[in-house]
Structure formats: structure tokens, C-alpha cells
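Okay, upload.txt now, which holds compact mmCIF, N, CA and C atoms:
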```
# COMPACT_ATOMS: atom_id res chain seq x y z
N MET A 276 0.81 -1.19 0.00
CA MET A 276 0.00 0.00 0.00
C MET A 276 0.86 1.25 0.00
N ALA A 277 1.98 1.20 0.63
CA ALA A 277 2.84 2.37 0.70
C ALA A 277 3.36 2.74 -0.68
N ILE A 278 3.65 1.75 -1.50
CA ILE A 278 4.16 2.02 -2.85
C ILE A 278 3.07 2.67 -3.70
N ILE A 279 1.84 2.18 -3.59
CA ILE A 279 0.73 2.74 -4.36
C ILE A 279 0.48 4.19 -3.96
N ASP A 280 0.55 4.47 -2.66
CA ASP A 280 0.36 5.85 -2.19
C ASP A 280 1.45 6.76 -2.75
N LYS A 281 2.69 6.27 -2.77
CA LYS A 281 3.80 7.08 -3.32
C LYS A 281 3.58 7.35 -4.81
N ILE A 282 3.13 6.35 -5.54
CA ILE A 282 2.89 6.51 -6.98
C ILE A 282 1.77 7.53 -7.20
N LYS A 283 0.71 7.44 -6.39
CA LYS A 283 -0.40 8.39 -6.52
C LYS A 283 0.08 9.82 -6.26
N LYS A 284 0.94 9.98 -5.24
CA LYS A 284 1.45 11.31 -4.92
C LYS A 284 2.31 11.86 -6.07
N VAL A 285 3.15 11.00 -6.65
CA VAL A 285 4.01 11.42 -7.75
C VAL A 285 3.16 11.81 -8.97
N VAL A 286 2.16 10.99 -9.29
CA VAL A 286 1.28 11.28 -10.43
C VAL A 286 0.52 12.57 -10.18
N ALA A 287 0.00 12.75 -8.97
CA ALA A 287 -0.74 13.97 -8.64
C ALA A 287 0.18 15.20 -8.76
N LYS A 288 1.40 15.07 -8.29
CA LYS A 288 2.36 16.18 -8.37
C LYS A 288 2.68 16.50 -9.83
N GLU A 289 2.86 15.49 -10.68
CA GLU A 289 3.15 15.71 -12.10
C GLU A 289 1.97 16.40 -12.79
N GLU A 290 0.74 15.98 -12.47
CA GLU A 290 -0.43 16.62 -13.05
C GLU A 290 -0.54 18.08 -12.63
N LYS A 291 -0.24 18.32 -11.35
CA LYS A 291 -0.29 19.68 -10.84
C LYS A 291 0.74 20.56 -11.54
N ASP A 292 1.96 20.04 -11.72
CA ASP A 292 3.01 20.78 -12.42
C ASP A 292 2.63 21.04 -13.87
N ALA A 293 2.03 20.06 -14.52
CA ALA A 293 1.62 20.22 -15.91
C ALA A 293 0.56 21.32 -16.04
N LYS A 294 -0.41 21.34 -15.12
CA LYS A 294 -1.43 22.39 -15.15
C LYS A 294 -0.82 23.76 -14.93
N ALA A 295 0.14 23.84 -14.01
CA ALA A 295 0.81 25.12 -13.73
C ALA A 295 1.58 25.60 -14.96
N GLU A 296 2.24 24.68 -15.67
CA GLU A 296 2.98 25.05 -16.87
C GLU A 296 2.04 25.55 -17.96
N VAL A 297 0.89 24.93 -18.09
CA VAL A 297 -0.09 25.36 -19.10
C VAL A 297 -0.58 26.76 -18.79
N ASN A 298 -0.88 27.05 -17.52
CA ASN A 298 -1.35 28.37 -17.13
C ASN A 298 -0.27 29.42 -17.36
N VAL A 299 0.96 29.09 -17.02
CA VAL A 299 2.06 30.03 -17.22
C VAL A 299 2.28 30.26 -18.71
N SER A 300 2.23 29.22 -19.51
CA SER A 300 2.46 29.39 -20.95
C SER A 300 1.35 30.21 -21.59
N LYS A 301 0.09 30.02 -21.16
CA LYS A 301 -1.01 30.83 -21.70
C LYS A 301 -0.80 32.30 -21.35
N LYS A 302 -0.43 32.56 -20.10
CA LYS A 302 -0.21 33.93 -19.66
C LYS A 302 0.97 34.54 -20.41
N ASP A 303 2.02 33.76 -20.58
CA ASP A 303 3.22 34.23 -21.26
C ASP A 303 2.93 34.56 -22.72
N THR A 304 2.19 33.71 -23.40
CA THR A 304 1.88 33.97 -24.81
C THR A 304 0.96 35.18 -24.95
N ALA A 305 0.05 35.37 -24.02
CA ALA A 305 -0.83 36.54 -24.08
C ALA A 305 -0.02 37.82 -23.90
N GLU A 306 0.91 37.82 -22.96
CA GLU A 306 1.76 39.00 -22.75
C GLU A 306 2.64 39.24 -23.97
N ARG A 307 3.17 38.18 -24.52
CA ARG A 307 4.05 38.31 -25.68
C ARG A 307 3.30 38.88 -26.86
N LYS A 308 2.05 38.45 -27.07
CA LYS A 308 1.26 38.96 -28.18
C LYS A 308 1.00 40.45 -28.04
N THR A 309 0.65 40.89 -26.83
CA THR A 309 0.36 42.32 -26.65
C THR A 309 1.63 43.14 -26.84
N ARG A 310 2.78 42.63 -26.37
CA ARG A 310 4.03 43.35 -26.58
C ARG A 310 4.37 43.42 -28.06
N GLU A 311 4.21 42.32 -28.79
CA GLU A 311 4.52 42.30 -30.21
C GLU A 311 3.58 43.21 -30.97
N ASP A 312 2.29 43.22 -30.60
CA ASP A 312 1.33 44.08 -31.28
C ASP A 312 1.69 45.54 -31.10
N SER A 313 2.04 45.93 -29.87
CA SER A 313 2.37 47.33 -29.63
C SER A 313 3.64 47.73 -30.35
N LYS A 314 4.63 46.83 -30.41
CA LYS A 314 5.85 47.14 -31.14
C LYS A 314 5.56 47.22 -32.63
N GLN A 315 4.79 46.27 -33.12
CA GLN A 315 4.55 46.18 -34.54
C GLN A 315 3.76 47.38 -35.05
N LYS A 316 2.80 47.86 -34.29
CA LYS A 316 2.00 49.00 -34.74
C LYS A 316 2.88 50.21 -35.00
N GLY A 317 3.75 50.54 -34.05
CA GLY A 317 4.63 51.69 -34.23
C GLY A 317 5.55 51.52 -35.42
N VAL A 318 6.10 50.36 -35.58
CA VAL A 318 7.02 50.10 -36.68
C VAL A 318 6.28 50.17 -38.01
N VAL A 319 5.13 49.57 -38.08
CA VAL A 319 4.37 49.55 -39.33
C VAL A 319 3.97 50.97 -39.72
N TYR A 320 3.47 51.76 -38.81
CA TYR A 320 3.01 53.09 -39.15
C TYR A 320 4.16 53.96 -39.63
N HIS A 321 5.32 53.83 -39.02
CA HIS A 321 6.44 54.65 -39.44
C HIS A 321 7.08 54.13 -40.73
N ASN A 322 6.83 52.89 -41.09
CA ASN A 322 7.31 52.38 -42.37
C ASN A 322 6.38 52.74 -43.51
N ILE A 323 5.13 53.03 -43.22
CA ILE A 323 4.17 53.38 -44.27
C ILE A 323 4.48 54.77 -44.83
N ILE A 324 4.65 55.74 -43.95
CA ILE A 324 4.91 57.12 -44.39
C ILE A 324 6.41 57.35 -44.36
N LYS A 325 6.98 57.60 -45.54
CA LYS A 325 8.43 57.76 -45.64
C LYS A 325 8.88 59.17 -45.29
N GLU A 326 8.32 60.16 -45.98
CA GLU A 326 8.74 61.55 -45.76
C GLU A 326 7.71 62.49 -46.37
N PRO A 327 7.68 63.75 -45.92
CA PRO A 327 6.79 64.71 -46.57
C PRO A 327 7.34 65.07 -47.95
N TYR A 328 6.45 65.30 -48.89
CA TYR A 328 6.84 65.67 -50.24
C TYR A 328 6.63 67.17 -50.36
N ILE A 329 7.72 67.94 -50.35
CA ILE A 329 7.62 69.38 -50.28
C ILE A 329 8.04 69.99 -51.62
N THR A 330 7.08 70.63 -52.26
CA THR A 330 7.33 71.41 -53.47
C THR A 330 6.57 72.72 -53.32
N GLU A 331 6.68 73.58 -54.31
CA GLU A 331 5.96 74.84 -54.25
C GLU A 331 4.45 74.59 -54.27
N LYS A 332 4.02 73.66 -55.10
CA LYS A 332 2.60 73.35 -55.20
C LYS A 332 2.07 72.75 -53.90
N THR A 333 2.81 71.81 -53.30
CA THR A 333 2.33 71.17 -52.08
C THR A 333 2.33 72.13 -50.90
N SER A 334 3.25 73.09 -50.89
CA SER A 334 3.23 74.06 -49.79
C SER A 334 2.02 74.98 -49.92
N MET A 335 1.57 75.25 -51.14
CA MET A 335 0.35 76.04 -51.32
C MET A 335 -0.89 75.23 -50.95
N MET A 336 -0.82 73.91 -51.11
CA MET A 336 -1.94 73.05 -50.73
C MET A 336 -2.13 73.03 -49.21
N GLY A 337 -1.10 73.37 -48.47
CA GLY A 337 -1.19 73.42 -47.01
C GLY A 337 -2.21 74.42 -46.53
N GLN A 338 -2.45 75.47 -47.32
CA GLN A 338 -3.46 76.46 -46.96
C GLN A 338 -4.87 75.88 -47.05
N GLU A 339 -5.04 74.87 -47.90
CA GLU A 339 -6.34 74.20 -48.05
C GLU A 339 -6.47 73.02 -47.10
N ASN A 340 -5.55 72.89 -46.18
CA ASN A 340 -5.53 71.80 -45.19
C ASN A 340 -5.25 70.44 -45.85
N LYS A 341 -4.40 70.47 -46.89
CA LYS A 341 -3.98 69.25 -47.57
C LYS A 341 -2.47 69.10 -47.44
N TYR A 342 -2.02 67.89 -47.18
CA TYR A 342 -0.60 67.60 -47.01
C TYR A 342 -0.23 66.42 -47.90
N VAL A 343 1.00 66.43 -48.40
CA VAL A 343 1.45 65.39 -49.32
C VAL A 343 2.65 64.67 -48.71
N PHE A 344 2.60 63.33 -48.75
CA PHE A 344 3.67 62.49 -48.21
C PHE A 344 4.08 61.44 -49.23
N LYS A 345 5.36 61.08 -49.24
CA LYS A 345 5.80 59.90 -49.97
C LYS A 345 5.47 58.71 -49.10
N VAL A 346 4.91 57.66 -49.68
CA VAL A 346 4.52 56.48 -48.92
C VAL A 346 5.08 55.23 -49.59
N SER A 347 5.02 54.12 -48.88
CA SER A 347 5.46 52.84 -49.44
C SER A 347 4.58 52.45 -50.61
N LYS A 348 5.16 51.70 -51.54
CA LYS A 348 4.42 51.35 -52.75
C LYS A 348 3.33 50.32 -52.52
N ASN A 349 3.42 49.54 -51.46
CA ASN A 349 2.49 48.43 -51.26
C ASN A 349 1.40 48.71 -50.23
N VAL A 350 1.08 49.98 -49.96
CA VAL A 350 0.03 50.30 -48.99
C VAL A 350 -1.19 50.86 -49.70
N ASN A 351 -2.33 50.80 -49.03
CA ASN A 351 -3.57 51.33 -49.59
C ASN A 351 -4.03 52.54 -48.79
N LYS A 352 -5.15 53.12 -49.20
CA LYS A 352 -5.64 54.35 -48.57
C LYS A 352 -5.98 54.15 -47.09
N ILE A 353 -6.52 53.00 -46.76
CA ILE A 353 -6.91 52.73 -45.37
C ILE A 353 -5.69 52.70 -44.47
N ASP A 354 -4.62 52.02 -44.92
CA ASP A 354 -3.39 51.97 -44.13
C ASP A 354 -2.79 53.36 -43.96
N ILE A 355 -2.81 54.15 -45.03
CA ILE A 355 -2.26 55.50 -44.97
C ILE A 355 -3.04 56.35 -43.98
N LYS A 356 -4.36 56.24 -44.02
CA LYS A 356 -5.21 57.02 -43.11
C LYS A 356 -4.91 56.66 -41.65
N LYS A 357 -4.83 55.35 -41.35
CA LYS A 357 -4.53 54.92 -39.98
C LYS A 357 -3.16 55.41 -39.53
N ALA A 358 -2.19 55.35 -40.43
CA ALA A 358 -0.83 55.76 -40.07
C ALA A 358 -0.78 57.25 -39.75
N VAL A 359 -1.41 58.07 -40.58
CA VAL A 359 -1.39 59.53 -40.34
C VAL A 359 -2.12 59.86 -39.05
N GLU A 360 -3.26 59.22 -38.82
CA GLU A 360 -4.02 59.51 -37.60
C GLU A 360 -3.24 59.10 -36.36
N ASN A 361 -2.51 58.00 -36.41
CA ASN A 361 -1.77 57.55 -35.23
C ASN A 361 -0.46 58.30 -35.03
N ILE A 362 0.24 58.65 -36.08
CA ILE A 362 1.52 59.33 -35.94
C ILE A 362 1.32 60.79 -35.54
N PHE A 363 0.44 61.49 -36.27
CA PHE A 363 0.29 62.94 -36.06
C PHE A 363 -0.88 63.30 -35.16
N GLU A 364 -1.70 62.33 -34.76
CA GLU A 364 -2.84 62.54 -33.87
C GLU A 364 -3.79 63.61 -34.42
N VAL A 365 -4.21 63.42 -35.67
CA VAL A 365 -5.17 64.30 -36.33
C VAL A 365 -6.26 63.42 -36.92
N SER A 366 -7.35 64.04 -37.38
CA SER A 366 -8.41 63.26 -38.02
C SER A 366 -8.37 63.53 -39.53
N VAL A 367 -8.32 62.47 -40.30
CA VAL A 367 -8.20 62.54 -41.75
C VAL A 367 -9.59 62.45 -42.38
N VAL A 368 -9.87 63.36 -43.31
CA VAL A 368 -11.15 63.37 -44.01
C VAL A 368 -11.05 62.57 -45.31
N ASN A 369 -9.97 62.77 -46.07
CA ASN A 369 -9.85 62.13 -47.37
C ASN A 369 -8.39 61.79 -47.66
N VAL A 370 -8.18 60.72 -48.43
CA VAL A 370 -6.84 60.33 -48.87
C VAL A 370 -6.90 60.07 -50.36
N ALA A 371 -6.03 60.73 -51.11
CA ALA A 371 -5.89 60.47 -52.55
C ALA A 371 -4.48 59.94 -52.78
N VAL A 372 -4.35 58.94 -53.64
CA VAL A 372 -3.06 58.30 -53.87
C VAL A 372 -2.68 58.45 -55.33
N VAL A 373 -1.40 58.80 -55.58
CA VAL A 373 -0.89 58.97 -56.93
C VAL A 373 0.39 58.18 -57.06
N ASN A 374 0.47 57.32 -58.09
CA ASN A 374 1.71 56.62 -58.43
C ASN A 374 2.45 57.45 -59.46
N THR A 375 3.63 57.95 -59.11
CA THR A 375 4.40 58.73 -60.07
C THR A 375 5.40 57.81 -60.75
N ALA A 376 5.52 57.96 -62.05
CA ALA A 376 6.43 57.13 -62.82
C ALA A 376 7.85 57.66 -62.70
N GLY A 377 8.81 56.77 -62.85
CA GLY A 377 10.21 57.19 -62.87
C GLY A 377 10.50 57.95 -64.15
N ARG A 378 11.57 58.73 -64.15
CA ARG A 378 11.88 59.51 -65.35
C ARG A 378 13.30 59.24 -65.80
N LYS A 379 13.55 59.51 -67.08
CA LYS A 379 14.87 59.32 -67.65
C LYS A 379 15.77 60.46 -67.24
N VAL A 380 17.03 60.14 -66.99
CA VAL A 380 18.01 61.14 -66.60
C VAL A 380 19.27 60.90 -67.43
N ARG A 381 19.84 61.98 -67.92
CA ARG A 381 21.08 61.87 -68.69
C ARG A 381 22.19 62.58 -67.95
N LEU A 382 23.36 61.99 -67.99
CA LEU A 382 24.56 62.62 -67.46
C LEU A 382 25.62 62.44 -68.54
N GLY A 383 25.78 63.48 -69.37
CA GLY A 383 26.66 63.35 -70.52
C GLY A 383 26.06 62.40 -71.53
N ARG A 384 26.83 61.40 -71.91
CA ARG A 384 26.30 60.44 -72.88
C ARG A 384 25.67 59.23 -72.21
N HIS A 385 25.69 59.17 -70.90
CA HIS A 385 25.12 58.04 -70.16
C HIS A 385 23.67 58.35 -69.80
N GLU A 386 22.84 57.37 -70.00
CA GLU A 386 21.42 57.54 -69.73
C GLU A 386 21.02 56.60 -68.60
N GLY A 387 20.23 57.12 -67.69
CA GLY A 387 19.77 56.31 -66.56
C GLY A 387 18.30 56.55 -66.30
N ARG A 388 17.86 56.09 -65.17
CA ARG A 388 16.44 56.23 -64.84
C ARG A 388 16.32 56.45 -63.34
N LYS A 389 15.51 57.43 -62.96
CA LYS A 389 15.18 57.64 -61.54
C LYS A 389 13.98 56.79 -61.19
N PRO A 390 13.96 56.23 -60.01
CA PRO A 390 12.83 55.38 -59.65
C PRO A 390 11.56 56.20 -59.38
N GLY A 391 10.42 55.60 -59.64
CA GLY A 391 9.14 56.23 -59.34
C GLY A 391 8.82 56.05 -57.87
N PHE A 392 7.75 56.69 -57.43
CA PHE A 392 7.32 56.57 -56.04
C PHE A 392 5.82 56.77 -55.95
N LYS A 393 5.28 56.51 -54.79
CA LYS A 393 3.86 56.67 -54.53
C LYS A 393 3.70 57.83 -53.56
N LYS A 394 2.78 58.72 -53.85
CA LYS A 394 2.53 59.83 -52.92
C LYS A 394 1.07 59.86 -52.53
N ALA A 395 0.82 60.34 -51.33
CA ALA A 395 -0.54 60.41 -50.80
C ALA A 395 -0.87 61.86 -50.47
N ILE A 396 -2.01 62.32 -50.97
CA ILE A 396 -2.51 63.66 -50.66
C ILE A 396 -3.57 63.49 -49.60
N ILE A 397 -3.31 64.06 -48.43
CA ILE A 397 -4.16 63.84 -47.26
C ILE A 397 -4.89 65.14 -46.91
N THR A 398 -6.20 65.06 -46.82
CA THR A 398 -7.02 66.20 -46.42
C THR A 398 -7.41 66.01 -44.97
N LEU A 399 -7.15 67.02 -44.15
CA LEU A 399 -7.45 66.95 -42.72
C LEU A 399 -8.74 67.69 -42.40
N LYS A 400 -9.28 67.36 -41.24
CA LYS A 400 -10.48 68.04 -40.73
C LYS A 400 -10.13 69.49 -40.41
N GLU A 401 -11.11 70.38 -40.53
CA GLU A 401 -10.90 71.79 -40.24
C GLU A 401 -10.35 71.94 -38.82
N GLY A 402 -9.33 72.75 -38.68
CA GLY A 402 -8.75 73.01 -37.36
C GLY A 402 -7.54 72.15 -37.05
N ASP A 403 -7.37 71.02 -37.72
CA ASP A 403 -6.20 70.17 -37.50
C ASP A 403 -5.06 70.63 -38.39
N LYS A 404 -3.84 70.50 -37.87
CA LYS A 404 -2.65 70.87 -38.63
C LYS A 404 -1.55 69.86 -38.37
N ILE A 405 -0.67 69.74 -39.36
CA ILE A 405 0.53 68.92 -39.21
C ILE A 405 1.72 69.84 -39.42
N ASP A 406 2.65 69.84 -38.48
CA ASP A 406 3.84 70.67 -38.61
C ASP A 406 4.93 69.82 -39.25
N ILE A 407 5.15 70.05 -40.55
CA ILE A 407 6.17 69.27 -41.27
C ILE A 407 7.40 70.10 -41.56
N GLY A 408 7.47 71.29 -41.04
CA GLY A 408 8.67 72.12 -41.15
C GLY A 408 8.76 72.95 -42.40
N ILE A 409 7.63 73.39 -42.93
CA ILE A 409 7.66 74.26 -44.11
C ILE A 409 7.82 75.69 -43.66
```

Rewrite the coordinates I just gave you, this time as C-alpha cells.
Amino acid sequence: MAIIDKIKKVVAKEEKDAKAEVNVSKKDTAERKTREDSKQKGVVYHNIIKEPYITEKTSMMGQENKYVFKVSKNVNKIDIKKAVENIFEVSVVNVAVVNTAGRKVRLGRHEGRKPGFKKAIITLKEGDKIDIGI
């Protein structure tokens, strides 16, 4: 009888340890997911918007509450809107996207090509502003 009692105690202890490991692993994965999500959001938003696109025309558009940014080629309007709202803490009314083609460039007798890019024209709600250093 003593051997059976010892075996029962060992089995009970192993089951208890297994349950504790499952609870710890569930808690650990939940914490890890929230940490990864918070890290990923910041990284993704800052990778979407590359830089402001500043020209004479775009600086005049600033008076109409419109701002122009160079963005990644593989994003859509929804991603751009979320990124601008989270980075600059403003409310976006409209997003227009333009794919600009690359152009030919010559340097003496050598001919090359500049790469194209994607730009987003963002219209903000009245009263909101983005300070991009113009």
C-alpha cells in the first residue's frame, strides 16, 4: 500500500506541475502577443509614411488643409489614413493616392532612370494641422 500511495502522490504532483505550466504558458503567450502588437504597430506606421513631399505646389496646398507624403508602394488608402491619424494625432477626411512614374536622366552620354514613387494627398479636418517644417 505504501508504494501505491507514493505513486499516486508522484502522479498527482506531475499533473499539478503540468497544469501550472499550461497556465504560465497561456499567460506568457498573451503577454508576448500584446508586446509584439504594440511594437509592430509603431514600426508599421512609421514604415508606411516615408517623408513629406515638399514642393511649391504642395506648400500652397497646405493652406487648403492638404498635405502630401511619400509612402510605401504596397500600402492602400486605409493603411495610410490609420498611419497619419496615429503618428500625427489628427483626423483625416480624405486620402488620394498617386503613383508617379520614374523619369529618364542623362549625365553626358550616359542615360539612366530615376525610380518612381507613390505619394498620398491627405485632407485633414478643419482646425487640424501637421507641422512638417515648411

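Considering the residues A:Leu382, A:Ile324, A:Val373, A:Ala395 and counting only C-alpha atoms, Tyr342 of chain A has its shortest atom-to-atom contact with A:Ala395.
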
Q. Between A:Val370, A:Val319, A:Thr330, A:Lys341, which is the closest to Ala358 of chain A once you count all atoms listed in the file?
A.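 Going through A:Val370, A:Val319, A:Thr330, A:Lys341 one by one, the smallest distance to Ala358 of chain A is for A:Val319.
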
Q.
Nearest residue to Phe392 of chain A out of A:Ile405, A:Val346, A:Ala371, A:Val380, using only C-alpha atoms?
A. A:Val346

Q | Long-range neighbours of Pro390 of chain A as a list of chain:residue names, 7 Å cut-off, only N, CA and C atoms, 3 positions minimum in chain | A | A:Thr375, A:Ala376, A:Gly377, A:Arg378

(Q) Between atom N of Gly402 of chain A and atom C of Asp354 of chain A, what distance in Å does the model show, to one decimal? (A)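 Here the two named atoms are 21.1 Å from each other.
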
**Q.** Nearest candidate to Leu399 of chain A (options A:Ser334, A:Phe344, A:Asn322, A:Val368; using only C-alpha atoms)
**A.** A:Val368

**Q.** All residues 6.5 Å or closer to Lys379 of chain A, all atoms listed in the file, same chain fewer than 6 positions away omitted, as a PyMOL selection string
**A.** chain A and resi 387-389

Q) Pick from A:Gly391, A:Pro327, A:Gly408, A:Gly383: nearest to Val343 of chain A, with only C-alpha atoms counted? A)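 With only C-alpha atoms as the atom set, the closest residue is A:Pro327.
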